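Asks: This one is target_25.csv, CSV, C-alpha atoms.
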```csv
chain,number,residue,atom,x,y,z
N,1,MET,CA,108.0,79.5,125.4
N,2,LYS,CA,108.6,83.2,125.2
N,3,VAL,CA,107.4,84.8,121.9
N,4,LEU,CA,108.3,88.2,120.6
N,5,ILE,CA,106.0,89.5,117.8
N,6,LEU,CA,107.4,92.2,115.6
N,7,GLY,CA,104.4,94.4,114.9
N,8,ALA,CA,100.9,94.5,116.5
N,9,GLY,CA,99.1,95.3,113.3
N,10,ALA,CA,96.5,93.3,111.4
N,11,ILE,CA,98.5,90.0,111.3
N,12,GLY,CA,100.9,90.2,114.2
N,13,GLY,CA,98.3,91.6,116.6
N,14,TYR,CA,95.8,88.9,115.5
N,15,TYR,CA,98.0,85.9,116.0
N,16,GLY,CA,99.6,87.5,119.1
N,17,ALA,CA,96.1,87.7,120.6
N,18,ARG,CA,95.5,84.0,119.8
N,19,LEU,CA,98.7,83.0,121.5
N,20,LEU,CA,97.8,85.1,124.6
N,21,GLN,CA,94.4,83.3,124.7
N,22,ALA,CA,96.4,80.1,124.8
N,23,GLY,CA,98.4,81.3,127.8
N,24,THR,CA,101.6,81.9,125.9
N,25,ASP,CA,104.2,84.5,127.2
N,26,VAL,CA,103.9,87.1,124.4
N,27,THR,CA,105.6,90.5,124.0
N,28,PHE,CA,105.0,92.9,121.1
N,29,LEU,CA,107.9,94.9,119.6
N,30,VAL,CA,106.2,98.0,118.1
N,31,ARG,CA,106.7,101.6,117.1
N,32,PRO,CA,106.5,104.2,120.0
N,33,ASN,CA,103.0,105.5,119.0
N,34,ARG,CA,101.6,101.9,118.8
N,35,ALA,CA,103.2,101.1,122.2
N,36,THR,CA,101.5,104.1,123.8
N,37,ALA,CA,98.1,103.2,122.3
N,38,LEU,CA,98.5,99.6,123.5
N,39,GLN,CA,99.4,100.7,127.0
N,40,ARG,CA,96.4,103.1,127.0
N,41,GLU,CA,93.7,101.0,125.3
N,42,GLY,CA,95.1,97.4,125.3
N,43,LEU,CA,94.9,95.1,122.2
N,44,ARG,CA,91.5,94.6,120.7
N,45,VAL,CA,90.5,92.0,118.1
N,46,LYS,CA,87.1,91.8,116.6
N,47,SER,CA,86.6,88.4,114.9
N,48,PRO,CA,83.8,86.0,113.9
N,49,GLN,CA,86.1,83.3,115.5
N,50,ALA,CA,86.5,84.9,118.9
N,51,ASN,CA,87.0,88.5,120.2
N,52,PHE,CA,89.9,89.6,122.3
N,53,HIS,CA,90.5,92.6,124.5
N,54,GLY,CA,93.3,92.8,127.0
N,55,ARG,CA,96.4,94.5,128.3
N,56,VAL,CA,99.6,93.3,126.6
N,57,ARG,CA,103.3,93.8,127.1
N,58,ALA,CA,104.7,96.1,124.4
N,59,ILE,CA,108.3,97.3,124.0
N,60,VAL,CA,110.0,99.6,121.4
N,61,ALA,CA,113.4,99.1,119.8
N,62,GLY,CA,116.2,99.8,122.3
N,63,ASP,CA,114.0,99.1,125.4
N,64,SER,CA,115.8,95.9,126.2
N,65,GLU,CA,118.0,93.1,124.9
N,66,GLU,CA,115.8,90.3,126.2
N,67,VAL,CA,116.2,87.1,124.2
N,68,PHE,CA,113.1,85.1,123.1
N,69,ASP,CA,112.6,81.5,122.0
N,70,VAL,CA,110.5,82.5,119.0
N,71,VAL,CA,110.4,85.8,117.1
N,72,VAL,CA,107.4,86.3,114.7
N,73,VAL,CA,108.0,88.9,112.1
N,74,ALA,CA,104.8,90.4,110.9
N,75,CYS,CA,105.5,93.5,108.9
N,76,LYS,CA,105.3,94.7,105.3
N,77,ALA,CA,108.2,93.6,103.1
N,78,TYR,CA,109.3,97.2,102.6
N,79,ASP,CA,109.8,97.5,106.4
N,80,LEU,CA,111.9,94.4,106.7
N,81,ARG,CA,115.3,96.0,106.9
N,82,ALA,CA,114.3,98.1,109.9
N,83,ALA,CA,112.5,95.1,111.4
N,84,MET,CA,115.7,93.0,111.2
N,85,ASP,CA,117.6,95.7,113.0
N,86,ALA,CA,114.9,95.9,115.7
N,87,ILE,CA,114.8,92.2,116.4
N,88,THR,CA,118.6,91.6,116.4
N,89,PRO,CA,119.1,92.2,120.1
N,90,HIS,CA,116.4,89.7,120.9
N,91,VAL,CA,117.8,86.9,118.8
N,92,GLY,CA,119.8,84.4,120.9
N,93,ALA,CA,121.8,81.3,120.1
N,94,HIS,CA,118.6,79.1,119.9
N,95,THR,CA,116.0,81.7,118.8
N,96,VAL,CA,113.8,80.7,115.8
N,97,ILE,CA,112.4,83.4,113.6
N,98,VAL,CA,109.0,82.8,112.0
N,99,PRO,CA,108.2,85.3,109.2
N,100,LEU,CA,104.6,85.9,108.2
N,101,LEU,CA,105.6,87.8,105.1
N,102,ASN,CA,104.6,87.8,101.4
N,103,GLY,CA,106.8,86.3,98.7
N,104,LEU,CA,110.2,84.6,98.9
N,105,LYS,CA,112.6,87.6,98.7
N,106,PRO,CA,112.1,88.4,102.5
N,107,TYR,CA,113.3,84.9,103.2
N,108,ASP,CA,116.5,85.5,101.2
N,109,GLN,CA,117.1,88.7,103.2
N,110,LEU,CA,116.4,87.0,106.5
N,111,ASP,CA,118.6,84.0,105.6
N,112,ALA,CA,121.5,86.4,104.7
N,113,ARG,CA,121.2,88.3,107.9
N,114,PHE,CA,120.6,85.6,110.5
N,115,GLY,CA,121.3,82.3,108.7
N,116,ARG,CA,118.9,79.8,107.2
N,117,GLU,CA,119.1,77.6,110.3
N,118,ARG,CA,117.3,80.3,112.3
N,119,ILE,CA,114.5,81.1,109.8
N,120,ALA,CA,111.4,78.9,109.8
N,121,GLY,CA,108.4,79.5,107.6
N,122,GLY,CA,104.8,80.7,108.1
N,123,VAL,CA,101.9,81.1,105.7
N,124,ALA,CA,98.7,82.9,106.8
N,125,TYR,CA,95.5,82.8,104.9
N,126,ILE,CA,93.4,85.4,106.6
N,127,ALA,CA,91.8,88.8,105.9
N,128,THR,CA,92.4,91.3,108.6
N,129,MET,CA,92.8,95.1,108.9
N,130,LEU,CA,93.3,97.9,111.4
N,131,ASP,CA,90.4,100.2,111.8
N,132,GLU,CA,90.6,103.9,112.5
N,133,SER,CA,90.8,103.3,116.2
N,134,GLY,CA,93.6,100.8,115.9
N,135,ASP,CA,91.5,97.7,116.6
N,136,ILE,CA,92.1,94.6,114.5
N,137,VAL,CA,89.1,93.6,112.4
N,138,HIS,CA,88.9,90.0,111.1
N,139,LEU,CA,86.9,90.5,107.9
N,140,ASN,CA,85.5,86.9,107.6
N,141,ALA,CA,85.6,83.5,109.2
N,142,ALA,CA,88.6,82.2,107.2
N,143,ASP,CA,91.7,81.8,109.3
N,144,LYS,CA,94.3,79.3,108.2
N,145,LEU,CA,97.9,79.4,109.5
N,146,ILE,CA,100.6,77.0,108.4
N,147,VAL,CA,104.0,76.8,110.0
N,148,GLY,CA,107.0,74.6,109.3
N,149,ALA,CA,110.7,74.2,109.9
N,150,ARG,CA,113.2,75.0,107.2
N,151,HIS,CA,116.1,73.4,109.2
N,152,ALA,CA,116.1,70.4,111.6
N,153,SER,CA,117.2,72.5,114.5
N,154,GLN,CA,113.9,74.5,114.4
N,155,ARG,CA,111.5,71.6,114.8
N,156,HIS,CA,111.0,71.7,118.6
N,157,ALA,CA,110.3,75.5,118.5
N,158,ILE,CA,107.9,75.1,115.6
N,159,GLU,CA,106.1,72.2,117.3
N,160,SER,CA,105.7,74.3,120.4
N,161,LEU,CA,104.4,77.2,118.5
N,162,TYR,CA,101.9,75.0,116.6
N,163,ALA,CA,100.7,73.4,119.8
N,164,ALA,CA,100.0,76.8,121.3
N,165,LEU,CA,98.2,78.2,118.3
N,166,SER,CA,96.1,75.0,117.9
N,167,GLN,CA,94.5,75.6,121.3
N,168,GLY,CA,92.3,78.4,119.9
N,169,GLU,CA,90.0,79.0,116.9
N,170,GLY,CA,91.1,78.7,113.3
N,171,LEU,CA,92.7,76.0,111.2
N,172,ARG,CA,96.3,75.3,112.1
N,173,GLU,CA,98.7,73.1,110.2
N,174,ILE,CA,102.4,72.1,110.6
N,175,SER,CA,104.0,71.4,107.2
N,176,ASP,CA,106.9,69.1,106.4
N,177,ASP,CA,107.5,71.2,103.2
N,178,ILE,CA,106.9,74.8,104.1
N,179,GLU,CA,108.8,76.0,101.1
N,180,GLN,CA,106.1,74.4,98.9
N,181,GLU,CA,103.5,76.2,100.9
N,182,LEU,CA,105.3,79.5,100.6
N,183,TRP,CA,105.5,79.1,96.8
N,184,GLU,CA,101.8,78.2,96.5
N,185,LYS,CA,100.7,81.2,98.4
N,186,TRP,CA,103.0,83.5,96.4
N,187,VAL,CA,101.7,82.1,93.1
N,188,MET,CA,98.2,83.0,94.3
N,189,LEU,CA,99.2,86.4,95.5
N,190,ALA,CA,101.3,87.4,92.5
N,191,THR,CA,98.5,86.3,90.1
N,192,GLY,CA,95.8,88.0,92.1
N,193,ALA,CA,97.8,91.2,92.6
N,194,THR,CA,98.8,91.4,89.0
N,195,ALA,CA,95.3,91.0,87.8
N,196,THR,CA,93.4,93.3,90.2
N,197,CYS,CA,96.1,96.0,90.2
N,198,LEU,CA,96.5,96.0,86.4
N,199,MET,CA,92.8,96.0,85.7
N,200,GLN,CA,92.0,98.2,88.7
N,201,ALA,CA,89.0,95.9,89.5
N,202,SER,CA,87.9,93.0,91.6
N,203,ILE,CA,88.2,89.4,90.4
N,204,GLY,CA,84.5,89.2,89.6
N,205,GLU,CA,84.6,92.4,87.6
N,206,ILE,CA,87.6,91.1,85.6
N,207,VAL,CA,86.3,87.7,84.7
N,208,ALA,CA,82.9,89.2,83.7
N,209,THR,CA,84.6,90.8,80.8
N,210,ARG,CA,85.1,89.0,77.4
N,211,ASP,CA,88.8,88.2,77.9
N,212,GLY,CA,89.1,88.5,81.7
N,213,THR,CA,89.2,84.8,82.4
N,214,SER,CA,91.9,84.2,79.8
N,215,LEU,CA,93.9,87.1,81.2
N,216,VAL,CA,93.9,85.7,84.7
N,217,ARG,CA,94.7,82.2,83.4
N,218,GLN,CA,97.7,83.6,81.5
N,219,ILE,CA,99.1,85.3,84.6
N,220,LEU,CA,98.6,82.2,86.6
N,221,GLU,CA,100.3,80.0,84.0
N,222,ASP,CA,103.3,82.4,84.0
N,223,CYS,CA,103.6,82.2,87.8
N,224,VAL,CA,103.1,78.5,87.8
N,225,ALA,CA,105.9,78.1,85.2
N,226,THR,CA,108.2,80.2,87.4
N,227,ALA,CA,107.5,78.1,90.5
N,228,ALA,CA,107.9,74.9,88.4
N,229,ALA,CA,111.4,76.1,87.4
N,230,GLN,CA,112.3,76.0,91.1
N,231,GLY,CA,110.7,72.6,91.5
N,232,LYS,CA,107.8,74.1,93.4
N,233,ALA,CA,104.9,73.9,91.0
N,234,PRO,CA,101.6,74.2,92.9
N,235,ARG,CA,100.2,70.8,93.8
N,236,GLU,CA,96.9,69.8,92.2
N,237,ASN,CA,94.7,70.7,95.2
N,238,ALA,CA,96.5,74.0,95.6
N,239,ARG,CA,96.1,74.8,91.9
N,240,ALA,CA,92.4,74.1,92.1
N,241,SER,CA,92.0,76.3,95.2
N,242,ILE,CA,93.8,79.2,93.4
N,243,GLU,CA,91.6,78.8,90.4
N,244,ARG,CA,88.4,78.8,92.5
N,245,LEU,CA,89.5,82.0,94.2
N,246,LEU,CA,90.7,83.9,91.1
N,247,LEU,CA,88.2,82.7,88.5
N,248,ASP,CA,85.0,83.2,90.5
N,249,PRO,CA,82.6,85.5,88.6
N,250,ALA,CA,80.8,86.3,91.8
N,251,SER,CA,83.9,87.2,93.7
N,252,ALA,CA,84.5,90.7,95.2
N,253,TRP,CA,88.1,89.7,96.0
N,254,LYS,CA,91.0,92.1,95.5
N,255,ALA,CA,94.6,91.7,96.4
N,256,SER,CA,95.5,93.6,99.6
N,257,MET,CA,97.9,95.7,97.5
N,258,ARG,CA,95.0,96.8,95.3
N,259,ARG,CA,93.1,97.8,98.4
N,260,ASP,CA,96.2,99.7,99.6
N,261,ILE,CA,96.3,101.6,96.3
N,262,GLU,CA,92.6,102.5,96.6
N,263,ARG,CA,93.1,104.0,100.0
N,264,GLY,CA,96.1,106.0,98.8
N,265,ALA,CA,98.9,104.1,100.6
N,266,ARG,CA,102.3,105.8,100.1
N,267,ARG,CA,104.1,102.4,100.1
N,268,ILE,CA,103.1,99.0,98.7
N,269,GLU,CA,104.7,95.6,98.4
N,270,ALA,CA,105.2,95.9,94.6
N,271,ASP,CA,108.7,94.4,94.5
N,272,ALA,CA,108.1,91.5,97.0
N,273,ILE,CA,104.9,90.3,95.4
N,274,VAL,CA,105.1,91.1,91.7
N,275,GLY,CA,108.6,92.4,90.9
N,276,ASP,CA,110.5,89.5,92.4
N,277,MET,CA,108.2,87.0,90.7
N,278,LEU,CA,109.0,88.8,87.4
N,279,THR,CA,112.7,88.6,88.1
N,280,ARG,CA,112.5,84.9,88.8
N,281,ALA,CA,110.4,84.4,85.7
N,282,ARG,CA,113.0,86.0,83.6
N,283,GLN,CA,115.8,83.9,85.2
N,284,ALA,CA,113.7,80.8,84.4
N,285,GLY,CA,113.2,81.9,80.8
N,286,VAL,CA,109.5,82.7,81.3
N,287,THR,CA,108.3,85.6,79.3
N,288,SER,CA,105.4,87.4,81.0
N,289,PRO,CA,104.1,90.7,79.4
N,290,LEU,CA,101.4,90.9,82.0
N,291,LEU,CA,103.7,90.7,85.0
N,292,THR,CA,105.9,93.2,83.2
N,293,ALA,CA,103.0,95.6,82.7
N,294,ALA,CA,101.7,95.2,86.2
N,295,TYR,CA,105.1,95.8,87.8
N,296,CYS,CA,105.7,98.9,85.6
N,297,LEU,CA,102.3,100.3,86.7
N,298,LEU,CA,103.0,99.6,90.4
N,299,GLN,CA,106.4,101.3,90.2
N,300,THR,CA,104.8,104.4,88.7
N,301,TYR,CA,102.2,104.4,91.5
N,302,GLU,CA,105.0,104.2,94.1
N,303,ALA,CA,106.9,107.0,92.4
N,304,HIS,CA,103.8,109.3,92.4
N,305,ALA,CA,102.7,108.3,95.9
N,306,GLY,CA,106.2,108.8,97.3
N,307,SER,CA,106.4,112.3,95.8
N,308,GLY,CA,102.9,113.2,97.1
N,309,THR,CA,101.5,113.8,93.6
N,310,SER,CA,98.3,112.2,92.3
N,311,GLN,CA,98.1,110.1,89.2
```
So, in terms of structure tokens, how does the structure I just supplied come out?
Replies:
Amino acid sequence: MKVLILGAGAIGGYYGARLLQAGTDVTFLVRPNRATALQREGLRVKSPQANFHGRVRAIVAGDSEEVFDVVVVACKAYDLRAAMDAITPHVGAHTVIVPLLNGLKPYDQLDARFGRERIAGGVAYIATMLDESGDIVHLNAADKLIVGARHASQRHAIESLYAALSQGEGLREISDDIEQELWEKWVMLATGATATCLMQASIGEIVATRDGTSLVRQILEDCVATAAAQGKAPRENARASIERLLLDPASAWKASMRRDIERGARRIEADAIVGDMLTRARQAGVTSPLLTAAYCLLQTYEAHAGSGTSQ
């Protein structure tokens, strides 16, 4: 199995390293600066699970038209258009694309570009980041990756990918209903991002206030109602897991988008995580003043960050 990973950042680099440790033929498709750094320093992962440091094969867009069995797309949603252009020469008649992206809108875009029969599903529950030296830092021991086919023709490729990933550390699952898994993660992300971005605080700080718990619960109910309108309400165990994470008074958890804002990121996934949930809520007849307020706040942040002005 030949695997191309779009991006060697916090997610793509991490899971690419795990595939390399399993003996998989892995190539990274990256920007020129990242390719140079990888050629010079190699790929390094610092993790409680298992460290990795080694030379890797890295190419940039236009280097080749080599076709791969599996293409893993691990980028931010706002970079997806460029990512699709970059991977197109590497997608053959039987290539399966596995996105590790937030929300459902990227799947709509990928389906429209390549066809649903090529787009499988992936859900990663992991906290990773790139440090100043470009190393990937795994922030805690949690590492759960779920993959699944969205079309019968993808099953062999997904089973092969799962088998390779399962040889290393971390929890790996193959799902017969990956759409359900995608919705459950999105409900968690949209709720957590709306709360922590709107309140500019961690979950623990929010629920410690007089009305914080009810605020988080209301956001969650709005997102659950939106998922339910699509026939994808979170299952009981998933709902309980979301509530444990987002209602924990001792939690220092913040959505990655909140952390991006705190470090002054010029671009954030406002539309993919919050804006698209709001759009689908309205289509379902769900009124959500909190999603509306959060998306308005995130849009104003993007406008200021994009213009280089401070808020």
Asks: Find the residues near Cys75 in chain N: any atom within 7 Å, counting only C-alpha atoms, skip ones fewer than 5 places away on the same chain, and give them as JSON, numbers by chain.
Replies: {"N": [7, 80, 101]}
Asks: Can you spit out the residues from that selection as a PDB file, keeping the file's coordinate frame, using C-alpha atoms?
Replies:
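Result file follows (selection-v8.pdb):
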```
ATOM      1  CA  GLY N   7     104.400  94.400 114.900  1.00  0.00           C
ATOM      2  CA  LEU N  80     111.900  94.400 106.700  1.00  0.00           C
ATOM      3  CA  LEU N 101     105.600  87.800 105.100  1.00  0.00           C
TER       4      LEU N 101
END
```
Asks: Residues of range 55-166 of chain N within 10 Å of range 251-265 of chain N: nearest atom pair and distance (Å, one decimal) for each, counting only C-alpha atoms, sorted by chain and number, as JSON lines?
Replies:
```
{"residue": "N:Ala127", "atom": "CA", "partner": "N:Ser256", "partner_atom": "CA", "distance": 8.7}
{"residue": "N:Thr128", "atom": "CA", "partner": "N:Ser256", "partner_atom": "CA", "distance": 9.8}
{"residue": "N:Met129", "atom": "CA", "partner": "N:Ser256", "partner_atom": "CA", "distance": 9.8}
```
Asks: If you keep C-alpha atoms, can you produce a file of those selected residues as a compact mmCIF listing (two decimals), keeping the file's coordinate frame?
Replies:
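Below is the file that was written, out_39.txt:
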```txt
# COMPACT_ATOMS: atom_id res chain seq x y z
CA ALA N 127 91.80 88.80 105.90
CA THR N 128 92.40 91.30 108.60
CA MET N 129 92.80 95.10 108.90
```
Asks: Just the number, please: distance in Å from CA of Ile87 in chain N to CA of Leu104 in chain N, one decimal.
Replies: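 So the answer is 19.6 Å.
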Asks: Hey, what's within 10 Å of Arg55 in chain N if we count all atoms listed in the file and toss same-chain stuff fewer than 2 positions away? As a short mmCIF file (atom, residue, chain, number, x, y, z; two decimals) with C-alpha atoms, keeping the file's coordinate frame, please?
Replies:
```cif
data_model
loop_
_atom_site.label_atom_id
_atom_site.label_comp_id
_atom_site.auth_asym_id
_atom_site.auth_seq_id
_atom_site.Cartn_x
_atom_site.Cartn_y
_atom_site.Cartn_z
CA LEU N 38 98.50 99.60 123.50
CA GLN N 39 99.40 100.70 127.00
CA ARG N 40 96.40 103.10 127.00
CA GLU N 41 93.70 101.00 125.30
CA GLY N 42 95.10 97.40 125.30
CA LEU N 43 94.90 95.10 122.20
CA ARG N 44 91.50 94.60 120.70
CA HIS N 53 90.50 92.60 124.50
CA ARG N 57 103.30 93.80 127.10
CA ALA N 58 104.70 96.10 124.40
#
```
Asks: Just want the 8 Å neighbourhood of Ala272 in chain N, counted on all atoms listed in the file, with same-chain residues fewer than 6 positions away dropped. Output as an NGL selection string.
Replies: :N and (77 or 102-106)
Asks: Next, write the just-selected residues to a file, as a PDB file, in the coordinates of the input, keeping C-alpha atoms as the atom set.
Replies:
```pdb
ATOM      1  CA  ALA N  77     108.200  93.600 103.100  1.00  0.00           C
ATOM      2  CA  ASN N 102     104.600  87.800 101.400  1.00  0.00           C
ATOM      3  CA  GLY N 103     106.800  86.300  98.700  1.00  0.00           C
ATOM      4  CA  LEU N 104     110.200  84.600  98.900  1.00  0.00           C
ATOM      5  CA  LYS N 105     112.600  87.600  98.700  1.00  0.00           C
ATOM      6  CA  PRO N 106     112.100  88.400 102.500  1.00  0.00           C
TER       7      PRO N 106
END
```
Asks: Applying 10 Å and all atoms listed in the file, which residues near Phe114 in chain N remain after dropping the ones on its own chain fewer than 2 positions away? List them as a ChimeraX atom specification.
Replies: /N:84,88,91,96-97,109-112,116-119
Asks: Write out, as an mmCIF file, keeping the file's coordinate frame, the residues just selected, with C-alpha atoms.
Replies:
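Okay, selection32.cif is ready:
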```cif
data_model
loop_
_atom_site.group_PDB
_atom_site.id
_atom_site.type_symbol
_atom_site.label_atom_id
_atom_site.label_comp_id
_atom_site.auth_asym_id
_atom_site.auth_seq_id
_atom_site.Cartn_x
_atom_site.Cartn_y
_atom_site.Cartn_z
ATOM 1 C CA MET N 84 115.700 93.000 111.200
ATOM 2 C CA THR N 88 118.600 91.600 116.400
ATOM 3 C CA VAL N 91 117.800 86.900 118.800
ATOM 4 C CA VAL N 96 113.800 80.700 115.800
ATOM 5 C CA ILE N 97 112.400 83.400 113.600
ATOM 6 C CA GLN N 109 117.100 88.700 103.200
ATOM 7 C CA LEU N 110 116.400 87.000 106.500
ATOM 8 C CA ASP N 111 118.600 84.000 105.600
ATOM 9 C CA ALA N 112 121.500 86.400 104.700
ATOM 10 C CA ARG N 116 118.900 79.800 107.200
ATOM 11 C CA GLU N 117 119.100 77.600 110.300
ATOM 12 C CA ARG N 118 117.300 80.300 112.300
ATOM 13 C CA ILE N 119 114.500 81.100 109.800
#
```
